[in-house]
Amino acid sequence: MTLPADLREAAALFAERDRVLVATDFDGVLAPLVLDPSTSAPLPGTIEDLRALHGYPQTWAAVVSGRDLATLTELTGLGDSSVTRIGSHGAESSEAADDAGGTELTDAQREHLTALTAELEDLCAGLSEGVYLEHKPSAVVLHTRRMADEPAAEAEQAALEVAARHTGLHVLHGKQVVEMSVLQADKGTALVALRDAVGATHVAYFGDDVTDEHAFSALGDDDLTVKVGDGETAARFRVAGPQDAAQALSLLRTLRAAATTATDPLAM
Ligand SMILES: O=P(O)(O)OC[C@H]1O[C@H](O[C@H]2O[C@H](CO)[C@@H](O)[C@H](O)[C@H]2O)[C@H](O)[C@@H](O)[C@@H]1O
């Protein structure tokens with residue numbers, strides 16, 4: 001598996017930039033997609049690469065995910081680190097001052113989420129086996145990966161119809177998931193806010209799903225945007241899957257270490 005030459009060249013240029021932020025999606029990029037989200041695991045070396053990058057001069061690393069912040073922190077094992085974790089598509093952040101990571105709901109939002117969840121539970125009870133709900137602080141997610149194609153499509157359509165009857169709901173239709181949130185958030189807004197907060201001049205971002213397109217679109221032509229897998233994209237580069245993304249991350253680590261002449265703390 002060799003990374004495309006244009007991506008390797010762009011990575012070399014990126015590594016020479018002044019202040020850089022290396023950010024990545026979790027599911028489908030760091031962690032291959034699996035049937036049971038609780039068993040998702042980052043590929044070997046990826047978290048170490050992010051930790052190392054974050055330790056280099058003028059360099060920051062982040063994971064930007066649809067997972068809720070607590071789950072993201074647990075699955076990445078980054079709770080002991082200052083690598084930024086952004087969860088719930090930008091609604092939660094490890095940089096937030098409050099304990100909830102920035103997801104304090106109003107009473108009305110809490111009631112809305114409870115009512116929506118009850119409605120979706122009723123919906124699921126009438127659908128084929130395999131459909132299930134994932135619960136997050138500000139959202140509920142209908143999953144169909146365990147279903148056959150046709151019932152999965154029907155279940156996703158039914159969830160979208162439930163969502164359409166609710167006002168003030170923010171819907172994201174990802175890979176075999178329909179996510180309904182009472183908070184508005186997107187990865188692009190969150191990533192740009194983090195870039196500006198750390199003062200990065202250039203950003204690398206890896207993503208595989210439609211929700212990552214917000215991040216790709218929010219970045220510029222000088223940023224290093226990498227789509228992982230198939231599908232239309234606004235990213236500048238594409239790799240086939242998580243193994244290639246891991247290779248690209250490792251390359252960025254090597255190149256940035258050389259560019260900043262930092263000693264790699266994990267190589268000692
Ligand atoms: O932004 P991400 O880090 O990519 O998170 C997006 C959603 O990821 C999870 O669902 C996806 O991964 C599951 C485990 O591999 C898979 O079963 C599911 O079909 C995928 O859509 C997660 O469960 C969701 O909450 C995230 O929003």
# chains A, B, ... in the order shown; residues from 1 in each chain; ligands from 1
>>> residues_around(residues="stretch 230-239 of chain A", least_positions_apart="4", cutoff="7 Å", atoms="only C-alpha atoms", output="ChimeraX atom specification")
/A:7,213,216-217,225-226,244-245
>>> write_last_selection(atoms="C-alpha atoms", output="PDB file, in the first residue's frame")
ATOM      1  CA  LEU A   7      -0.528  13.382  -1.196  1.00  0.00           C
ATOM      2  CA  GLU A 213     -17.614  17.341   4.379  1.00  0.00           C
ATOM      3  CA  PHE A 216     -13.382  19.803   4.282  1.00  0.00           C
ATOM      4  CA  SER A 217     -15.498  22.686   3.005  1.00  0.00           C
ATOM      5  CA  THR A 225      -7.804  17.582   3.346  1.00  0.00           C
ATOM      6  CA  VAL A 226      -8.017  13.805   2.884  1.00  0.00           C
ATOM      7  CA  ASP A 244      -3.936   4.240   4.398  1.00  0.00           C
ATOM      8  CA  ALA A 245      -5.078   7.043   6.690  1.00  0.00           C
TER       9      ALA A 245
END
>>> residues_near_ligand(ligand="ligand 1", cutoff="7 Å", atoms="only C-alpha atoms and all ligand atoms", output="PyMOL selection string")
chain A and resi 25-28+32-37+40+64-67+88-89+134+141+143-145+174-177+179+208-209+211
>>> write_last_selection(atoms="C-alpha atoms", output="compact mmCIF listing (two decimals), in the first residue's frame")
# COMPACT_ATOMS: atom_id res chain seq x y z
CA ASP A 25 -12.33 11.88 12.37
CA PHE A 26 -12.62 8.70 14.48
CA ASP A 27 -15.01 6.06 13.04
CA GLY A 28 -14.04 5.01 9.53
CA PRO A 32 -12.38 0.67 10.95
CA LEU A 33 -16.19 0.50 10.87
CA VAL A 34 -17.68 -2.41 12.83
CA LEU A 35 -21.15 -3.73 13.65
CA ASP A 36 -20.97 -2.87 17.33
CA PRO A 37 -19.82 0.75 17.99
CA SER A 40 -14.52 0.20 17.80
CA VAL A 64 -13.16 15.45 15.73
CA SER A 65 -16.00 12.96 15.97
CA GLY A 66 -19.72 12.36 16.00
CA ARG A 67 -19.20 10.27 19.14
CA SER A 88 -21.02 15.15 19.13
CA HIS A 89 -20.02 16.69 15.77
CA GLU A 134 -27.54 5.05 20.50
CA VAL A 141 -28.94 8.02 16.78
CA HIS A 143 -28.34 2.62 13.62
CA THR A 144 -29.02 0.22 10.73
CA ARG A 145 -25.63 -1.43 10.06
CA GLY A 174 -24.29 9.44 8.07
CA LYS A 175 -23.08 5.93 7.24
CA GLN A 176 -26.01 3.70 8.27
CA VAL A 177 -26.95 6.17 10.96
CA GLU A 179 -28.51 11.25 14.02
CA ASP A 208 -14.71 9.42 5.71
CA ASP A 209 -18.37 10.39 6.13
CA THR A 211 -20.50 14.83 8.18
>>> atom_distance(atom1="atom CA of A:Leu105", atom2="atom CA of A:Ser138")
7.3 Å
>>> select_by_dssp(residues="stretch 51-93 of chain A", states="alpha helix (DSSP H)", output="JSON, numbers by chain")
{"A": [51, 52, 53, 54, 55, 69, 70, 71, 72, 73, 74, 75, 76]}
>>> write_last_selection(atoms="C-alpha atoms", output="PDB file, in the first residue's frame")
ATOM      1  CA  ARG A  51       0.243  12.175  20.846  1.00  0.00           C
ATOM      2  CA  ALA A  52       3.673  12.609  19.258  1.00  0.00           C
ATOM      3  CA  LEU A  53       2.499  15.276  16.819  1.00  0.00           C
ATOM      4  CA  HIS A  54       0.858  17.191  19.653  1.00  0.00           C
ATOM      5  CA  GLY A  55       4.216  17.248  21.423  1.00  0.00           C
ATOM      6  CA  LEU A  69     -17.124  13.244  24.218  1.00  0.00           C
ATOM      7  CA  ALA A  70     -17.038  10.674  27.040  1.00  0.00           C
ATOM      8  CA  THR A  71     -17.179   7.739  24.608  1.00  0.00           C
ATOM      9  CA  LEU A  72     -14.616   9.336  22.307  1.00  0.00           C
ATOM     10  CA  THR A  73     -12.225   9.867  25.199  1.00  0.00           C
ATOM     11  CA  GLU A  74     -12.676   6.259  26.326  1.00  0.00           C
ATOM     12  CA  LEU A  75     -12.266   4.743  22.850  1.00  0.00           C
ATOM     13  CA  THR A  76      -9.173   6.813  22.004  1.00  0.00           C
TER      14      THR A  76
END
>>> select_by_dssp(residues="stretch 20-265 of chain A", states="strand (DSSP E or B)", output="VMD selection string")
chain A and resid 20 to 24 27 31 59 to 64 84 to 87 92 to 93 132 to 135 139 to 143 170 to 174 177 to 181 202 to 207 224 to 228 237 to 239
>>> closest_residue(among="A:His202, A:Arg195, A:Asp221, A:Leu120", to="A:Val178", atoms="only C-alpha atoms")
A:Leu120
>>> closest_residue(among="A:Glu95, A:Asp186, A:Asp122, A:Asp18", to="A:Ala159", atoms="only C-alpha atoms")
A:Asp122
>>> closest_residue(among="A:Thr254, A:Ala15, A:Thr260, A:His170", to="A:Asp49", atoms="only C-alpha atoms")
A:Thr254
>>> atom_distance(atom1="atom CA of A:Glu161", atom2="atom CA of A:Ala139")
16.4 Å
>>> atom_distance(atom1="atom CA of A:Asp68", atom2="atom CA of A:Leu116")
18.0 Å
